$ cat structure.cif   # mmCIF, C-alpha atoms (C1' of nucleotides)
data_input
#
loop_
_atom_site.label_atom_id
_atom_site.label_comp_id
_atom_site.auth_asym_id
_atom_site.auth_seq_id
_atom_site.Cartn_x
_atom_site.Cartn_y
_atom_site.Cartn_z
CA MET A 1 0.00 0.00 0.00
CA SER A 2 1.76 3.06 -1.18
CA TYR A 3 1.24 6.63 -0.11
CA LYS A 4 0.86 9.37 -2.57
CA LEU A 5 3.31 12.05 -1.53
CA PRO A 6 4.12 15.48 -2.89
CA PRO A 7 7.76 16.21 -3.75
CA LEU A 8 9.31 16.24 -0.32
CA ASN A 9 12.06 18.75 -0.86
CA ALA A 10 9.61 21.17 -2.37
CA LEU A 11 7.39 20.57 0.64
CA ARG A 12 10.23 21.50 2.89
CA ALA A 13 10.74 24.71 0.97
CA PHE A 14 7.06 25.48 1.42
CA GLU A 15 7.17 24.81 5.12
CA ALA A 16 10.12 27.08 5.72
CA SER A 17 8.70 29.80 3.49
CA ALA A 18 5.36 29.68 5.23
CA ARG A 19 6.96 29.91 8.64
CA HIS A 20 9.01 32.91 7.63
CA LEU A 21 6.49 34.31 5.20
CA SER A 22 9.51 35.05 3.07
CA PHE A 23 11.39 33.13 0.41
CA LYS A 24 14.49 35.05 1.31
CA ARG A 25 14.55 34.05 4.93
CA ALA A 26 13.50 30.51 4.10
CA ALA A 27 16.41 30.38 1.70
CA ASP A 28 18.80 31.45 4.45
CA GLU A 29 17.47 28.76 6.71
CA LEU A 30 17.88 26.15 4.03
CA CYS A 31 21.26 27.46 2.91
CA VAL A 32 20.24 28.09 -0.69
CA THR A 33 19.23 31.13 -2.73
CA ALA A 34 15.78 32.64 -2.77
CA GLY A 35 15.41 31.73 -6.41
CA ALA A 36 15.81 28.08 -5.57
CA VAL A 37 13.09 28.27 -2.93
CA SER A 38 10.82 30.13 -5.29
CA GLN A 39 11.24 27.40 -7.87
CA GLN A 40 10.65 24.62 -5.40
CA VAL A 41 7.49 26.18 -4.08
CA LYS A 42 6.22 26.78 -7.54
CA SER A 43 6.82 23.16 -8.45
CA LEU A 44 4.89 22.10 -5.36
CA GLU A 45 2.00 24.34 -6.28
CA THR A 46 1.99 22.94 -9.78
CA SER A 47 2.02 19.38 -8.56
CA MET A 48 -0.86 20.08 -6.21
CA GLY A 49 -2.75 22.11 -8.73
CA LEU A 50 -3.33 25.12 -6.44
CA LYS A 51 -1.64 28.23 -5.09
CA LEU A 52 -0.24 28.15 -1.58
CA PHE A 53 1.02 31.75 -1.42
CA ARG A 54 -0.06 35.17 -2.52
CA ARG A 55 3.05 36.89 -3.81
CA LEU A 56 3.19 40.51 -2.85
CA PRO A 57 5.89 42.86 -4.04
CA ARG A 58 7.40 43.00 -0.58
CA GLY A 59 6.60 39.61 0.85
CA LEU A 60 4.32 36.64 1.08
CA LEU A 61 0.87 35.82 2.32
CA LEU A 62 -0.59 32.35 2.72
CA THR A 63 -3.68 31.51 0.73
CA ALA A 64 -6.51 29.74 2.53
CA ALA A 65 -5.23 26.46 1.18
CA GLY A 66 -1.70 27.24 2.31
CA GLU A 67 -2.88 28.23 5.74
CA SER A 68 -4.79 25.04 6.29
CA TYR A 69 -1.94 22.99 4.89
CA LEU A 70 0.90 24.43 6.94
CA PRO A 71 0.14 23.13 10.44
CA SER A 72 -0.03 19.47 9.48
CA ILE A 73 3.12 19.74 7.43
CA SER A 74 5.01 21.50 10.18
CA ARG A 75 3.87 18.90 12.63
CA ALA A 76 4.99 16.09 10.33
CA PHE A 77 8.44 17.59 9.84
CA HIS A 78 8.71 18.17 13.51
CA ALA A 79 7.85 14.55 14.16
CA ILE A 80 10.46 13.39 11.65
CA SER A 81 13.02 15.63 13.25
CA GLU A 82 12.25 14.35 16.73
CA ALA A 83 12.26 10.73 15.63
CA THR A 84 15.55 11.18 13.86
CA GLU A 85 17.22 12.82 16.80
CA GLY A 86 15.79 10.06 18.93
CA VAL A 87 17.68 7.32 17.13
CA ALA A 88 20.66 9.27 15.80
CA SER A 89 22.09 10.90 18.86
CA VAL A 90 24.92 12.45 16.87
CA LEU A 91 22.47 15.00 15.59
CA LYS A 92 21.08 16.00 18.96
CA GLY A 93 23.25 18.99 19.77
CA ARG A 94 21.91 22.26 18.46
CA GLN A 95 25.33 23.69 17.71
CA LEU A 96 28.32 22.21 16.01
CA ARG A 97 31.20 21.88 18.44
CA LEU A 98 34.06 23.13 16.36
CA GLY A 99 37.70 22.80 17.29
CA ILE A 100 40.09 25.32 15.79
CA SER A 101 43.82 24.89 15.61
CA PRO A 102 45.52 27.64 17.64
CA ARG A 103 47.65 28.35 14.57
CA LEU A 104 44.53 29.58 12.81
CA LYS A 105 42.95 31.70 15.47
CA LYS A 106 44.41 34.99 14.31
CA TYR A 107 42.95 34.88 10.82
CA PRO A 108 40.08 37.20 9.96
CA ALA A 109 37.92 34.41 8.56
CA ILE A 110 37.97 32.85 12.01
CA ASP A 111 37.20 36.11 13.74
CA GLY A 112 34.16 36.29 11.48
CA LEU A 113 33.11 33.00 13.00
CA ARG A 114 33.62 34.20 16.55
CA GLY A 115 31.56 37.27 15.97
CA GLN A 116 28.19 36.92 14.40
CA GLY A 117 28.76 33.26 13.61
CA GLU A 118 28.78 32.38 17.27
CA GLN A 119 25.44 30.66 16.93
CA LEU A 120 26.81 28.62 14.03
CA ALA A 121 29.25 26.68 16.15
CA ARG A 122 30.70 26.53 19.63
CA LEU A 123 34.42 27.16 19.24
CA THR A 124 37.27 25.55 21.10
CA LEU A 125 40.96 26.21 20.52
CA THR A 126 42.51 22.82 19.91
CA ASP A 127 44.19 20.74 17.26
CA ASP A 128 43.65 17.39 18.92
CA LEU A 129 42.12 14.79 16.64
CA ASN A 130 41.46 12.55 19.61
CA ARG A 131 38.84 14.91 20.94
CA LEU A 132 37.05 14.43 17.65
CA LEU A 133 37.38 10.67 17.75
CA GLU A 134 36.15 10.60 21.33
CA GLY A 135 33.07 12.52 20.33
CA LYS A 136 33.97 15.60 22.36
CA LEU A 137 34.02 17.64 19.18
CA ASP A 138 31.99 17.52 15.98
CA ALA A 139 34.53 19.03 13.63
CA LEU A 140 38.08 20.28 13.63
CA LEU A 141 39.62 23.01 11.52
CA ARG A 142 43.37 22.63 11.06
CA THR A 143 46.28 23.36 8.78
CA SER A 144 47.55 19.82 8.47
CA PRO A 145 45.90 18.10 5.53
CA GLN A 146 46.07 14.69 7.21
CA SER A 147 43.27 12.90 8.99
CA PRO A 148 42.60 9.35 10.14
CA PRO A 149 40.51 7.23 7.78
CA GLY A 150 36.75 7.23 8.24
CA LEU A 151 36.40 10.94 8.92
CA HIS A 152 34.92 13.35 6.45
CA VAL A 153 37.33 15.91 5.03
CA ASP A 154 36.76 19.27 3.35
CA ARG A 155 39.52 21.40 1.88
CA ILE A 156 39.23 25.11 2.53
CA GLU A 157 41.06 28.27 1.53
CA LEU A 158 41.04 30.77 4.36
CA GLN A 159 41.24 34.44 3.45
CA THR A 160 44.20 36.15 5.03
CA SER A 161 44.87 39.82 5.49
CA SER A 162 47.88 39.54 3.18
CA GLY A 163 45.68 38.38 0.35
CA THR A 164 47.25 34.97 -0.29
CA PRO A 165 44.74 32.36 0.87
CA LEU A 166 45.81 29.79 3.42
CA PRO A 167 44.88 26.17 2.79
CA ALA A 168 43.15 24.49 5.70
CA THR A 169 41.25 21.29 6.37
CA LEU A 170 37.93 20.75 8.08
CA VAL A 171 37.69 17.27 9.53
CA THR A 172 34.18 16.20 10.52
CA LEU A 173 32.51 13.23 12.16
CA PRO A 174 30.98 11.11 9.42
CA GLY A 175 27.46 11.28 10.83
CA LEU A 176 27.50 15.05 10.66
CA ALA A 177 29.08 15.69 7.29
CA GLY A 178 26.57 17.34 5.04
CA CYS A 179 24.04 18.25 7.72
CA ARG A 180 22.64 21.75 7.66
CA GLU A 181 24.97 23.15 10.31
CA HIS A 182 27.93 21.64 8.59
CA ARG A 183 26.97 23.10 5.24
CA ALA A 184 26.39 26.50 6.79
CA LEU A 185 29.77 26.39 8.46
CA LEU A 186 31.53 25.43 5.24
CA LYS A 187 29.74 28.14 3.38
CA ARG A 188 30.85 30.75 5.86
CA LEU A 189 34.43 29.52 5.92
CA ARG A 190 34.58 29.57 2.15
CA GLY A 191 32.39 32.47 1.27
CA ALA A 192 32.97 35.15 3.83
CA MET B 1 13.34 27.76 14.52
CA SER B 2 14.90 25.38 12.10
CA TYR B 3 14.39 21.67 12.12
CA LYS B 4 17.15 19.24 11.64
CA LEU B 5 15.98 16.89 8.95
CA PRO B 6 17.54 13.87 7.27
CA PRO B 7 17.52 13.72 3.46
CA LEU B 8 13.83 13.30 2.79
CA ASN B 9 13.96 11.25 -0.37
CA ALA B 10 16.33 8.84 1.27
CA LEU B 11 13.96 8.70 4.19
CA ARG B 12 11.18 7.74 1.87
CA ALA B 13 13.31 4.96 0.43
CA PHE B 14 13.92 3.73 3.96
CA GLU B 15 10.25 3.81 4.85
CA ALA B 16 9.22 1.81 1.82
CA SER B 17 12.07 -0.67 2.24
CA ALA B 18 11.26 -1.20 5.88
CA ARG B 19 7.60 -1.80 5.15
CA HIS B 20 8.44 -4.35 2.48
CA LEU B 21 11.62 -5.63 4.11
CA SER B 22 12.98 -5.66 0.59
CA PHE B 23 14.78 -3.14 -1.57
CA LYS B 24 13.35 -4.85 -4.61
CA ARG B 25 9.73 -4.44 -3.63
CA ALA B 26 10.33 -0.95 -2.30
CA ALA B 27 11.86 -0.13 -5.66
CA ASP B 28 8.74 -1.39 -7.40
CA GLU B 29 6.58 0.79 -5.21
CA LEU B 30 8.74 3.83 -5.86
CA CYS B 31 9.10 3.05 -9.56
CA VAL B 32 12.89 2.95 -9.55
CA THR B 33 15.52 0.22 -9.54
CA ALA B 34 16.64 -1.68 -6.48
CA GLY B 35 20.10 -0.22 -6.85
CA ALA B 36 18.72 3.26 -6.48
CA VAL B 37 16.93 2.32 -3.27
CA SER B 38 20.00 0.63 -1.94
CA GLN B 39 22.02 3.78 -2.56
CA GLN B 40 19.44 6.05 -0.99
CA VAL B 41 19.19 3.96 2.14
CA LYS B 42 22.92 3.77 2.43
CA SER B 43 23.17 7.53 2.17
CA LEU B 44 20.57 7.90 4.89
CA GLU B 45 22.49 5.52 7.12
CA THR B 46 25.68 7.44 6.49
CA SER B 47 24.07 10.75 7.25
CA MET B 48 22.64 9.40 10.48
CA GLY B 49 25.81 7.59 11.38
CA LEU B 50 24.14 4.24 12.05
CA LYS B 51 22.82 1.14 10.34
CA LEU B 52 19.06 0.80 9.82
CA PHE B 53 19.04 -2.62 8.14
CA ARG B 54 20.82 -5.90 8.43
CA ARG B 55 21.49 -7.05 4.88
CA LEU B 56 20.98 -10.77 4.50
CA PRO B 57 21.78 -12.66 1.33
CA ARG B 58 18.10 -13.08 0.57
CA GLY B 59 16.48 -10.10 2.17
CA LEU B 60 16.45 -7.48 4.87
CA LEU B 61 16.03 -7.23 8.58
CA LEU B 62 15.58 -4.05 10.56
CA THR B 63 18.18 -3.24 13.18
CA ALA B 64 16.95 -2.13 16.58
CA ALA B 65 17.48 1.46 15.50
CA GLY B 66 15.56 0.90 12.27
CA GLU B 67 12.74 -0.77 14.09
CA SER B 68 12.29 2.04 16.54
CA TYR B 69 12.61 4.59 13.76
CA LEU B 70 10.10 3.16 11.32
CA PRO B 71 6.77 3.78 13.08
CA SER B 72 7.26 7.50 13.56
CA ILE B 73 8.45 7.93 10.01
CA SER B 74 5.54 5.99 8.59
CA ARG B 75 3.15 8.03 10.65
CA ALA B 76 4.71 11.26 9.48
CA PHE B 77 4.48 10.31 5.82
CA HIS B 78 0.96 9.19 6.34
CA ALA B 79 0.11 12.53 7.89
CA ILE B 80 1.69 14.39 4.99
CA SER B 81 -0.24 12.27 2.56
CA GLU B 82 -3.53 12.89 4.34
CA ALA B 83 -2.92 16.59 4.68
CA THR B 84 -2.04 16.87 1.03
CA GLU B 85 -5.12 15.05 -0.09
CA GLY B 86 -7.08 17.22 2.25
CA VAL B 87 -6.20 20.44 0.47
CA ALA B 88 -5.30 19.24 -2.98
CA SER B 89 -7.46 16.28 -3.80
CA VAL B 90 -8.39 16.55 -7.42
CA LEU B 91 -11.42 14.65 -6.30
CA LYS B 92 -12.38 16.80 -3.38
CA GLY B 93 -16.09 16.29 -2.91
CA ARG B 94 -16.27 14.39 -6.12
CA GLN B 95 -16.66 10.71 -6.73
CA LEU B 96 -14.46 8.43 -8.73
CA ARG B 97 -16.06 7.83 -12.10
CA LEU B 98 -15.56 4.12 -12.45
CA GLY B 99 -16.19 2.21 -15.65
CA ILE B 100 -17.01 -1.45 -15.30
CA SER B 101 -16.78 -3.95 -18.10
CA PRO B 102 -20.25 -5.43 -18.81
CA ARG B 103 -18.68 -8.86 -18.52
CA LEU B 104 -18.12 -8.18 -14.82
CA LYS B 105 -21.43 -6.72 -13.83
CA LYS B 106 -23.00 -9.93 -12.63
CA TYR B 107 -20.35 -10.69 -10.01
CA PRO B 108 -21.24 -10.27 -6.35
CA ALA B 109 -18.17 -8.13 -5.63
CA ILE B 110 -19.54 -5.59 -8.08
CA ASP B 111 -22.99 -5.74 -6.60
CA GLY B 112 -21.35 -4.89 -3.32
CA LEU B 113 -20.06 -1.75 -4.99
CA ARG B 114 -23.46 -0.83 -6.34
CA GLY B 115 -25.08 -1.19 -2.94
CA GLN B 116 -23.44 0.52 -0.03
CA GLY B 117 -20.43 1.50 -2.07
CA GLU B 118 -22.46 3.89 -4.14
CA GLN B 119 -20.77 6.83 -2.51
CA LEU B 120 -17.38 5.35 -3.31
CA ALA B 121 -17.69 5.67 -7.07
CA ARG B 122 -20.16 6.52 -9.77
CA LEU B 123 -20.48 3.42 -11.91
CA THR B 124 -20.84 3.18 -15.67
CA LEU B 125 -21.07 -0.01 -17.67
CA THR B 126 -18.32 0.21 -20.27
CA ASP B 127 -15.04 -1.35 -21.32
CA ASP B 128 -13.85 1.53 -23.46
CA LEU B 129 -10.32 2.66 -22.68
CA ASN B 130 -10.81 5.74 -24.81
CA ARG B 131 -13.28 7.17 -22.34
CA LEU B 132 -10.52 6.93 -19.75
CA LEU B 133 -7.97 8.56 -22.02
CA GLU B 134 -10.39 11.34 -22.84
CA GLY B 135 -10.89 12.05 -19.16
CA LYS B 136 -14.53 10.98 -19.15
CA LEU B 137 -13.71 8.30 -16.62
CA ASP B 138 -11.25 8.12 -13.73
CA ALA B 139 -10.76 4.37 -13.66
CA LEU B 140 -11.81 1.26 -15.51
CA LEU B 141 -12.31 -2.25 -14.17
CA ARG B 142 -11.93 -4.93 -16.80
CA THR B 143 -10.97 -8.53 -17.45
CA SER B 144 -8.34 -7.87 -20.08
CA PRO B 145 -4.96 -7.43 -18.46
CA GLN B 146 -3.77 -5.04 -21.15
CA SER B 147 -3.62 -1.28 -20.92
CA PRO B 148 -1.92 1.51 -22.84
CA PRO B 149 1.35 2.75 -21.39
CA GLY B 150 1.22 5.61 -18.92
CA LEU B 151 -1.82 4.43 -17.01
CA HIS B 152 -1.66 3.03 -13.53
CA VAL B 153 -2.60 -0.65 -13.25
CA ASP B 154 -3.76 -2.75 -10.29
CA ARG B 155 -4.35 -6.48 -10.46
CA ILE B 156 -7.39 -7.72 -8.62
CA GLU B 157 -9.00 -11.05 -7.81
CA LEU B 158 -12.75 -10.76 -7.80
CA GLN B 159 -14.67 -13.16 -5.58
CA THR B 160 -17.17 -15.23 -7.54
CA SER B 161 -20.09 -17.26 -6.29
CA SER B 162 -18.40 -20.44 -7.56
CA GLY B 163 -15.45 -19.83 -5.30
CA THR B 164 -12.69 -19.61 -7.92
CA PRO B 165 -11.57 -15.99 -8.00
CA LEU B 166 -11.65 -14.11 -11.29
CA PRO B 167 -8.60 -12.07 -12.24
CA ALA B 168 -9.40 -8.51 -13.22
CA THR B 169 -7.54 -5.28 -13.83
CA LEU B 170 -8.19 -1.79 -12.56
CA VAL B 171 -6.75 0.82 -14.90
CA THR B 172 -6.52 4.31 -13.42
CA LEU B 173 -5.52 7.77 -14.57
CA PRO B 174 -2.00 8.39 -13.36
CA GLY B 175 -2.87 11.54 -11.40
CA LEU B 176 -5.39 9.64 -9.34
CA ALA B 177 -3.53 6.43 -8.58
CA GLY B 178 -2.91 6.21 -4.89
CA CYS B 179 -5.32 8.90 -3.81
CA ARG B 180 -7.68 8.22 -0.97
CA GLU B 181 -10.67 7.31 -3.11
CA HIS B 182 -8.57 5.05 -5.23
CA ARG B 183 -7.17 3.26 -2.23
CA ALA B 184 -10.60 2.86 -0.75
CA LEU B 185 -11.93 1.42 -3.97
CA LEU B 186 -9.08 -1.05 -4.24
CA LYS B 187 -9.59 -2.10 -0.69
CA ARG B 188 -13.24 -2.79 -1.26
CA LEU B 189 -12.61 -4.68 -4.48
CA ARG B 190 -9.99 -6.81 -2.81
CA GLY B 191 -11.20 -7.09 0.72
CA ALA B 192 -14.93 -7.52 0.50
"C1'" DA C 1 9.30 63.07 -7.41
"C1'" DA C 2 13.58 60.84 -7.85
"C1'" DG C 3 16.35 57.53 -6.16
"C1'" DC C 4 17.37 53.68 -3.08
"C1'" DT C 5 16.14 49.27 -1.05
"C1'" DT C 6 13.63 45.22 -0.65
"C1'" DG C 7 11.92 41.00 -2.08
"C1'" DA C 8 9.45 38.90 -5.17
"C1'" DC C 9 10.16 36.69 -10.35
"C1'" DT C 10 12.61 34.47 -14.61
"C1'" DT C 11 16.12 32.22 -17.14
"C1'" DA C 12 20.25 29.92 -18.81
"C1'" DG C 13 23.64 27.17 -17.64
"C1'" DA C 14 26.31 24.90 -13.92
"C1'" DA C 15 26.53 21.77 -10.22
"C1'" DT C 16 24.76 18.14 -7.82
"C1'" DT C 17 21.93 14.39 -7.03
"C1'" DT C 18 19.77 10.33 -8.39
"C1'" DC C 19 18.96 6.65 -11.55
"C1'" DT C 20 20.01 2.92 -14.58
"C1'" DA C 21 22.53 -0.80 -16.39
"C1'" DA C 22 25.64 -4.20 -15.90
"C1'" DG C 23 28.24 -7.31 -13.43
"C1'" DC C 24 29.36 -9.58 -8.79
"C1'" DC C 25 28.44 -12.60 -4.87
"C1'" DA C 26 26.10 -15.61 -1.50
"C1'" DT C 27 22.13 -18.39 -0.53
"C1'" DG C 28 18.50 -21.59 -1.15
"C1'" DA C 29 15.78 -24.34 -4.31
"C1'" DA C 30 15.34 -27.76 -8.16
"C1'" DT D 1 25.36 -28.77 -9.88
"C1'" DT D 2 22.86 -25.17 -11.81
"C1'" DC D 3 19.45 -21.74 -11.63
"C1'" DA D 4 16.91 -17.91 -9.50
"C1'" DT D 5 16.77 -14.42 -6.14
"C1'" DG D 6 18.08 -10.40 -3.98
"C1'" DG D 7 21.24 -8.23 -1.96
"C1'" DC D 8 25.92 -4.93 -3.50
"C1'" DT D 9 29.00 -1.77 -6.41
"C1'" DT D 10 30.29 1.21 -10.12
"C1'" DA D 11 30.51 4.17 -14.14
"C1'" DG D 12 28.18 7.07 -16.69
"C1'" DA D 13 23.64 9.00 -18.09
"C1'" DA D 14 19.67 11.53 -16.86
"C1'" DA D 15 17.20 14.51 -14.08
"C1'" DT D 16 16.84 17.71 -10.59
"C1'" DT D 17 18.17 21.65 -8.17
"C1'" DC D 18 21.01 25.63 -7.53
"C1'" DT D 19 23.25 29.92 -8.68
"C1'" DA D 20 23.92 34.14 -10.94
"C1'" DA D 21 22.31 37.80 -13.21
"C1'" DG D 22 18.89 40.69 -14.53
"C1'" DT D 23 13.68 42.46 -14.15
"C1'" DC D 24 9.86 44.54 -11.82
"C1'" DA D 25 6.77 46.78 -8.48
"C1'" DA D 26 6.16 48.95 -3.95
"C1'" DG D 27 7.48 51.48 -0.03
"C1'" DC D 28 10.88 54.34 2.06
"C1'" DT D 29 13.83 58.88 2.24
"C1'" DT D 30 15.16 63.11 1.00
#
$ encode --input "structure.cif" --output "C-alpha cells"
Amino acid sequence: MSYKLPPLNALRAFEASARHLSFKRAADELCVTAGAVSQQVKSLETSMGLKLFRRLPRGLLLTAAGESYLPSISRAFHAISEATEGVASVLKGRQLRLGISPRLKKYPAIDGLRGQGEQLARLTLTDDLNRLLEGKLDALLRTSPQSPPGLHVDRIELQTSSGTPLPATLVTLPGLAGCREHRALLKRLRGA
Amino acid sequence: MSYKLPPLNALRAFEASARHLSFKRAADELCVTAGAVSQQVKSLETSMGLKLFRRLPRGLLLTAAGESYLPSISRAFHAISEATEGVASVLKGRQLRLGISPRLKKYPAIDGLRGQGEQLARLTLTDDLNRLLEGKLDALLRTSPQSPPGLHVDRIELQTSSGTPLPATLVTLPGLAGCREHRALLKRLRGA
DNA sequence: AAGCTTGACTTAGAATTTCTAAGCCATGAA
DNA sequence: TTCATGGCTTAGAAATTCTAAGTCAAGCTT
C-alpha cells in the first residue's frame, strides 16, 4: 500500500517559506538562494494544482489552502526531526562543536566565526584529533591536511589579510558531514 | 526555529524498504531500480551515522534502530499524505467515475459496490479505454490485463459465487492512482 | 518626485543528485 | 550442480536543483 506524496524537498521549501512568510529568509534557513526556494514552491504548487502563497511585491501571504496545509506539514516535519534525533544521537546537539587549531585563530575568517557566527558553532581552541574521535568535538579546523581514515574531510582556503589564501582542512565526524549546520559552516568559511 | 531533517527522499526509500523488508519491492513501489533504493538507504544511514538494516543474502532485517525509527516515520508520511489530499485532492467532494466492463457486472463483488459503495464511485457499464484517455472516466475495471502505457494498473482477484476468484484489472488515470478514493476502492474490491 | 532598497520573479547554464545498467556474490531451491 | 533471487557496487547518463544575473513593483527617504 503506497502513499501518494508530494515532492518532499519542495514541501520543505514550502514549510520554511510559510513559517518565515519570506522566500528570502527561508532560503537562508535552508542554505540556498531565494530563487531556488521560489522554484521549489512553484513546483509544489503545480504538482498540487493550487496556489499556496499570494506573492506581494514586498513579501508573502498564505492563501486559505496554504494556511490550512501548513500546520499538518510542520507537525509532520517536527515529528520526523524528533524521531531522527531520537535514534541518531549524533544529531542531537543544536550547535556544532568546532575545534580550531591555535595556529589559525588569528585569521580574519575565524574572527568572522567568533563574531556573528557564534550561533553557528561553539568554538574551542585545539588541534587534537582525539577529541574528535572521542566525540567531544563535531569538527576540527586545522592546517595539516592529514586525517585518520573514516572521517569526512573538506579542503578550505582561508582568506588572510595579506591576500594569499591559506589552505586548511575541516575534519568532521561522518554522521554530521553534510548536515545543515555543517553546510552553513563550510559556506561561511569559504564564502565570507 | 529550524528543524534538523535527514535527506527526505532517502527517508522515503527507507520507509518503503522497511515496510516491504525488501529493496526490490520498495523499488517497485517507488518506480525505480533496487540499486537506487539501496544507494538512498545507504546515504541515509551514512548521514545518520548508524545502520538501519541488516542485509541478509536473501532479504532485509531491521536493526533495533531501524525498528524504533520506522513507526514515527511511517506516521509522518501518512500525515503528509492525508494533509495533502485534504487540500489538494483533485477529487475533493467528487466521486471516482468508475467504468465497469459489462462482462463483470454480474459478479457479487460488483454488486457490493453498487449497494453501499455507491458513494465510493459513480459506476458506468463500459469497457472503453478511450473514455478513460479522454478524461470521461477516472478508472476502468476490466478482465483484459492489457492497458496503454502511462496508465496506472492494479491487479485484482474478484470473488465469484463459484469460489474460484476471477482475475481482473483496474486501470486508473496516473494523477489519481494512490489517492484516498482510489485506495478505498481497491480495498473494497480486494477485501470484500 | 527621484532615487534607493527590498523581495518577489525568470532564465540559462552549472553543479549536484539520483537513476540505470551491468556485473558480482552468496544463498537456497530444483 | 545449476538456476533464481536479492542483496551490492560502479561508471556514466539523466534529471533535478542551484546559482547568478537581470527584471519589476512597492514602499521608504530626502
$ resolve_selection --input "structure.cif" --expression "the PyMOL selection byres ((chain A and resi 79) around 12)" --output "ChimeraX atom specification"
/A:72-78,80-86 /B:3-6,69-80
$ resolve_selection --input "structure.cif" --expression "the PyMOL selection byres ((chain D) within 9 of (chain A))" --output "short mmCIF file (atom, residue, chain, number, x, y, z; two decimals) with C-alpha atoms (C1' of nucleotides), keeping the file's coordinate frame"
data_model
loop_
_atom_site.label_atom_id
_atom_site.label_comp_id
_atom_site.auth_asym_id
_atom_site.auth_seq_id
_atom_site.Cartn_x
_atom_site.Cartn_y
_atom_site.Cartn_z
"C1'" DT D 17 18.17 21.65 -8.17
"C1'" DC D 18 21.01 25.63 -7.53
"C1'" DT D 19 23.25 29.92 -8.68
"C1'" DC D 24 9.86 44.54 -11.82
"C1'" DA D 25 6.77 46.78 -8.48
"C1'" DA D 26 6.16 48.95 -3.95
"C1'" DG D 27 7.48 51.48 -0.03
#
$ interface_residues --input "structure.cif" --of "chain C" --to "chain A" --cutoff "7 Å" --atoms "only C-alpha atoms (C1' of nucleotides)" --output "list in words"
DT6, DG7 and DA8 of chain C
$ resolve_selection --input "structure.cif" --expression "the PyMOL selection byres ((chain B and resi 144) around 12)" --output "PDB file with C-alpha atoms, in the coordinates of the input"
ATOM      1  CA  ILE B 100     -17.010  -1.450 -15.300  1.00  0.00           C
ATOM      2  CA  SER B 101     -16.780  -3.950 -18.100  1.00  0.00           C
ATOM      3  CA  ARG B 103     -18.680  -8.860 -18.520  1.00  0.00           C
ATOM      4  CA  LEU B 104     -18.120  -8.180 -14.820  1.00  0.00           C
ATOM      5  CA  ASP B 127     -15.040  -1.350 -21.320  1.00  0.00           C
ATOM      6  CA  ASP B 128     -13.850   1.530 -23.460  1.00  0.00           C
ATOM      7  CA  LEU B 129     -10.320   2.660 -22.680  1.00  0.00           C
ATOM      8  CA  LEU B 140     -11.810   1.260 -15.510  1.00  0.00           C
ATOM      9  CA  LEU B 141     -12.310  -2.250 -14.170  1.00  0.00           C
ATOM     10  CA  ARG B 142     -11.930  -4.930 -16.800  1.00  0.00           C
ATOM     11  CA  THR B 143     -10.970  -8.530 -17.450  1.00  0.00           C
ATOM     12  CA  PRO B 145      -4.960  -7.430 -18.460  1.00  0.00           C
ATOM     13  CA  GLN B 146      -3.770  -5.040 -21.150  1.00  0.00           C
ATOM     14  CA  SER B 147      -3.620  -1.280 -20.920  1.00  0.00           C
ATOM     15  CA  PRO B 148      -1.920   1.510 -22.840  1.00  0.00           C
ATOM     16  CA  VAL B 153      -2.600  -0.650 -13.250  1.00  0.00           C
ATOM     17  CA  ASP B 154      -3.760  -2.750 -10.290  1.00  0.00           C
ATOM     18  CA  ARG B 155      -4.350  -6.480 -10.460  1.00  0.00           C
ATOM     19  CA  ILE B 156      -7.390  -7.720  -8.620  1.00  0.00           C
ATOM     20  CA  LEU B 166     -11.650 -14.110 -11.290  1.00  0.00           C
ATOM     21  CA  PRO B 167      -8.600 -12.070 -12.240  1.00  0.00           C
ATOM     22  CA  ALA B 168      -9.400  -8.510 -13.220  1.00  0.00           C
ATOM     23  CA  THR B 169      -7.540  -5.280 -13.830  1.00  0.00           C
ATOM     24  CA  LEU B 170      -8.190  -1.790 -12.560  1.00  0.00           C
ATOM     25  CA  VAL B 171      -6.750   0.820 -14.900  1.00  0.00           C
TER      26      VAL B 171
END
$ residues_around --input "structure.cif" --residues "A:Ser161" --least-positions-apart "5" --cutoff "12 Å" --atoms "all atoms listed in the file" --output "PyMOL selection string"
chain A and resi 106-111+166
$ closest_atom_pairs --input "structure.cif" --of "chain D" --to "stretch 26-29 of chain C" --cutoff "9 Å" --atoms "all atoms listed in the file" --output "tab-separated table"
residue	atom	partner	partner_atom	distance
D:DC3	C1'	C:DA29	C1'	8.6
D:DA4	C1'	C:DA29	C1'	8.3
D:DT5	C1'	C:DT27	C1'	8.7
D:DG7	C1'	C:DA26	C1'	8.8
$ atom_distance --input "structure.cif" --atom1 "atom CA of B:Glu15" --atom2 "atom CA of A:Ala13"
21.3 Å
$ atom_distance --input "structure.cif" --atom1 "atom C1' of C:DA21" --atom2 "atom CA of B:Leu30"
18.0 Å
$ atom_distance --input "structure.cif" --atom1 "atom CA of A:Ala139" --atom2 "atom C1' of C:DT16"
23.6 Å
